[in-house]
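Input: a single structure, listed below in structure tokens.
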Amino acid sequence: MPTSHSGSFSTDFMLFQLHLTDEEKLVKQSAREFVNKEVLPIIEKHAQDQTFPHDLISKMGSLGFFGPTLPEKYGCSNLSAISYGLLMYELERGDSGIRSVASVQSSLVMWPIFQYGNDRQKDYWLPLLASGEKVGCFGLTEADFGSNPSGMLTKAVKQSNGKWLINGTKMWITNGSISDVAVVWAQTEQGVRGFLVPTSTPGFKSVLMKGKWSLRASVTSELILEDVLVDEETSLLPEARGLKAPLSCLSQARYGIAWGALGAAEMCYETALDYALHRKQFDRPIAGFQLQQKKLTEMVTEITKGQLLALQLGKLKDSHKITPAQISMAKMNNVKVALDVCRSARTILGANGILDEYPVMRHMANLESVYTYEGTHDMHTLIVGEEITGISAFS
Amino acid sequence: MKILVALKQVPDTETKIKIHPEGTALDLSDVKWVTSPYDEYALEEAMRLKESQGATVSALAVGDDRVKDVLRNALALGADEALHVSTSEKCEDPFVVATYVANAVRDRGFDLLLFGNKGSGGDHAAVGPMVAELLGIAQANVVVKLTLDQGRFFAERQVESGLEVVEGKLPAVITTQKGLNDPRYPNLKGIMAAKKKEIISIPLTESISPALQTMKLAFPPPRAEGRQLAGTPQEQAQALLAALQNEAKIF
């Protein structure tokens with residue numbers, strides 16, 4: 001299989017990395033080494049035990065993995081969108097849960113503070129979040145409002161003394177129980193507004209969600225806000241008005257997921273390829289059998305198409321021409337492709353495919369969540385549908 | 001203090017090596033290139049010295065444009081400048097490389113010259129010592145601990161079944177070994193900072209001929225297939241003993 005001379009992607013059939021800058025190649029390499037040394041050796045056990053590898057947060061922070069596209073004055077690296085995508089790809093090659101931690105911190109916490117916050121909020125929170133000293137989470141989804149967040153029940157009421165009173169419950173919140181600050185979205189008289197709520201605020205509680213068969217090495221929580229009183233000056237994101245604010249955050253995260261899912265797919269494809277070359281049945285490697293070759297060919301073809309889609313999406317993002325529907329298409333396609341690749345890989349590994357000796361089943365189970373979170377596959381289908389027909393099927 | 005770190009670009013250990021059909025060189029068409037792991041210890045040691053006592057660190061590599069990747073990586077890790085001894089010639093002969101390095105660094109006033117103790121792959125373990133000889137300065141090789149104090153170095157060397165501690169005067173060549181430190185990987189801020197640093201091209205002043213010629217490259221012979229012993233545990237033990245005595249001739 002062709003690979004690029006200077007590449008660190010082993011799966012790059014169409015040499016997409018010929019288009020990467022020197023910095024982008026180094027970002028990818030750095031993230032890959034981090035995953036090889038710090039994530040792969042420990043991740044299966046954490047997934048089995050349903051524990052979160054806490055020490056990865058400060059390590060990722062010191063490497064600059066949080067908010068990497070934001071300006072240097074906040075302790076960030078001002079990287080390209082393609083660099084951010086490559087980072088997500090490499091992290092998810094390790095585990096979707098680890099990538100989720102970085103996605104949420106970068107796209108759903110730091111980005112809204114940067115985009116919608118006042119200077120005081122930015123100066124205080126962004127450096128702490130960039131270094132990993134503080135962790136954040138994003139509270140939009142509620143138990144009964146997933147695909148239709150506009151129906152959210154969480155309410156914030158302006159008080160007379162420059163304060164806001166928030167009440168409500170949020171579900172499926174990545175990083176919830178390990179966060180120092182939550183970006184909470186709530187209905188107000190002025191429409192949906194966003195608030196930075198320190199998790200130490202009286203009345204704020206998080207409950208760890210247990211029993212997941214997916215993203216087991218990542219923290220998912222319920223957030224309960226009971227008469228939480230916050231200062232307008234430090235808490236309210238002044239520039240975030242209406243539902244389009246949280247949706248714009250999701251666009252950032254979904255962009256990263258369109259890249260990230262392919263990392264999981266690459267890991268499963270390479271595991272399956274290696275297995276097929278070494279596993280002998282009927283006295284020959286199973287990679288020589290037509291049915292297995294067909295699977296491997298389809299896997300690498302779909303990964304390659306996904307890479308080219310992600311690369312073009314990154315170019316559009318870096319040139320500020322990207323649209324939400326384009327992000328939807330890439331998220332929808334690439335997560336589905338990744339899930340299919342993982343399932344095919346499982347069949348090539350036969351019974352061994354279900355063991356934690358191989359990363360395949362963990363990735364496959366993780367991707368079931370990725371398929372549904374950050375806009376379900378079905379919703380993204382309808383967003384593209386609305387874009388091409390001009391008719392919304394869901395509103 | 002001025003520190004030089006000489007870097008060699010080698011095939012990644014993940015890469016499956018192929019031999020060119022002519023049988024005297026590797027097929028490099030499908031290779032992923034990285035900094036030789038032993039050189040990573042040299043670079044890490046330089047960065048630690050820079051952080052603990054202040055120094056400027058120069059990274060150097062010899063070769064065509066492809067080797068600029070290891071220089072960029074060194075800049076991203078915190079090296080202050082990169083020196084590229086630019087040549088399109090093959091640089092496999094240790095004496096050729098050592099001569100080019102010595103010529104490039106002779107008048108640049110380095111106090112400490114760090115090399116990996118060998119290049120992963122070629123395993124000559126020759127370039128560092130040769131540079132020291134060509135420059136007429138001290139050297140300590142296969143070093144696992146290094147201390148600098150008032151113009152002198154104290155180095156612990158790994159020797160057969162033990163450690164040797166040597167002391168010498170700077171400037172000196174030190175070649176580094178696994179155990180010296182735990183190399184870092186570049187953080188994203190370092191990568192962006194590296195963009196602003198320059199790779200200085202040093203043209204060759206003279207070209208010299210290789211002293212060595214590779215005659216043949218071959219993979220190790222494939223391991224013979226194992227044999228399973230049958231029978232009761234007692235019979236198996238007897239068969240094993242017989243095989244060790246008569247076939248392997250261990251006893």
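Labels used: A, B, ... for chains in the order of the structure tokens, numbers from 1 for residues in each chain, and numbers from 1 for ligands as shown.
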Give me the residues of chain B that have any atom at most 7 Å from an atom of chain A; for each, the nearest atom pair and the distance in Å, rounded to one decimal. Use only C-alpha atoms, sort by chain and number, and format it as CSV.
```
residue,atom,partner,partner_atom,distance
B:Asp30,CA,A:Thr3,CA,6.2
B:Val31,CA,A:His5,CA,6.0
B:Lys32,CA,A:His5,CA,5.6
B:Trp33,CA,A:Ser6,CA,6.1
B:Asn73,CA,A:Leu26,CA,7.0
B:Tyr185,CA,A:Ser30,CA,6.0
B:Pro186,CA,A:Ser30,CA,5.9
B:Asn187,CA,A:Leu63,CA,4.1
B:Leu188,CA,A:Gly64,CA,5.1
B:Lys189,CA,A:Ser77,CA,4.9
B:Ile191,CA,A:Glu23,CA,6.1
B:Met192,CA,A:Ser77,CA,6.5
```
Can you tell me which residues surround region 215-229 of chain B at a distance of at most 6 Å, considering only C-alpha atoms, apart from same-chain residues fewer than 3 positions away, and format the answer as a compact mmCIF listing (two decimals) with C-alpha atoms, in the first residue's frame?
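Full text of out_10.txt as output:
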```txt
# COMPACT_ATOMS: atom_id res chain seq x y z
CA GLY B 23 20.97 -6.51 -2.64
CA THR B 24 23.33 -3.82 -1.40
CA GLN B 236 8.34 -35.66 26.86
```
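Using only C-alpha atoms, the protein and nucleic acid residues lying no more than 12 Å from Lys315 (chain A), apart from those fewer than 2 places from it along its own chain, are His19, Leu20, Ser80, Ala81, Ile82, Ser83, Tyr84, Gly85, Tyr255, Leu308, Leu309, Ala310, Leu311, Gln312, Leu313, Lys317, Asp318, Ser319, His320, Lys321, Ile322 and Gln326 of chain A.
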For the residues in that selection, give me C-alpha atoms as a PDB file, in the first residue's frame.
```pdb
ATOM      1  CA  HIS A  19      -1.331  18.471   1.276  1.00  0.00           C
ATOM      2  CA  LEU A  20      -0.272  18.964   4.889  1.00  0.00           C
ATOM      3  CA  SER A  80      -5.089  25.582  11.603  1.00  0.00           C
ATOM      4  CA  ALA A  81      -8.414  23.770  11.546  1.00  0.00           C
ATOM      5  CA  ILE A  82      -6.679  20.940   9.696  1.00  0.00           C
ATOM      6  CA  SER A  83      -4.204  20.593  12.583  1.00  0.00           C
ATOM      7  CA  TYR A  84      -7.134  20.398  14.991  1.00  0.00           C
ATOM      8  CA  GLY A  85      -8.730  17.729  12.805  1.00  0.00           C
ATOM      9  CA  TYR A 255     -16.002  19.169  12.533  1.00  0.00           C
ATOM     10  CA  LEU A 308     -10.442  13.281   1.462  1.00  0.00           C
ATOM     11  CA  LEU A 309     -13.811  14.559   2.679  1.00  0.00           C
ATOM     12  CA  ALA A 310     -12.301  15.631   6.016  1.00  0.00           C
ATOM     13  CA  LEU A 311      -9.356  17.296   4.298  1.00  0.00           C
ATOM     14  CA  GLN A 312     -11.620  19.313   2.018  1.00  0.00           C
ATOM     15  CA  LEU A 313     -13.796  20.212   5.010  1.00  0.00           C
ATOM     16  CA  LYS A 317     -12.923  25.772   7.526  1.00  0.00           C
ATOM     17  CA  ASP A 318      -9.473  27.340   7.268  1.00  0.00           C
ATOM     18  CA  SER A 319     -10.690  29.594   4.454  1.00  0.00           C
ATOM     19  CA  HIS A 320     -13.895  30.452   6.380  1.00  0.00           C
ATOM     20  CA  LYS A 321     -16.155  29.049   3.655  1.00  0.00           C
ATOM     21  CA  ILE A 322     -17.540  26.137   5.640  1.00  0.00           C
ATOM     22  CA  GLN A 326     -21.102  20.473   4.885  1.00  0.00           C
TER      23      GLN A 326
END
```
Give the answer as one residue: which of A:Ile178, A:Leu153, A:Ala245, A:Ala186 has the shortest atom-to-atom distance to Ser200 (chain A), using only C-alpha atoms?
A:Ile178
Which parts of region 167-250 of chain B does DSSP call alpha helix (DSSP H) when run on the backbone here, written out as JSON, numbers by chain?
{"B": [188, 189, 190, 191, 192, 193, 194, 233, 234, 235, 236, 237, 238, 239, 240, 241, 242]}
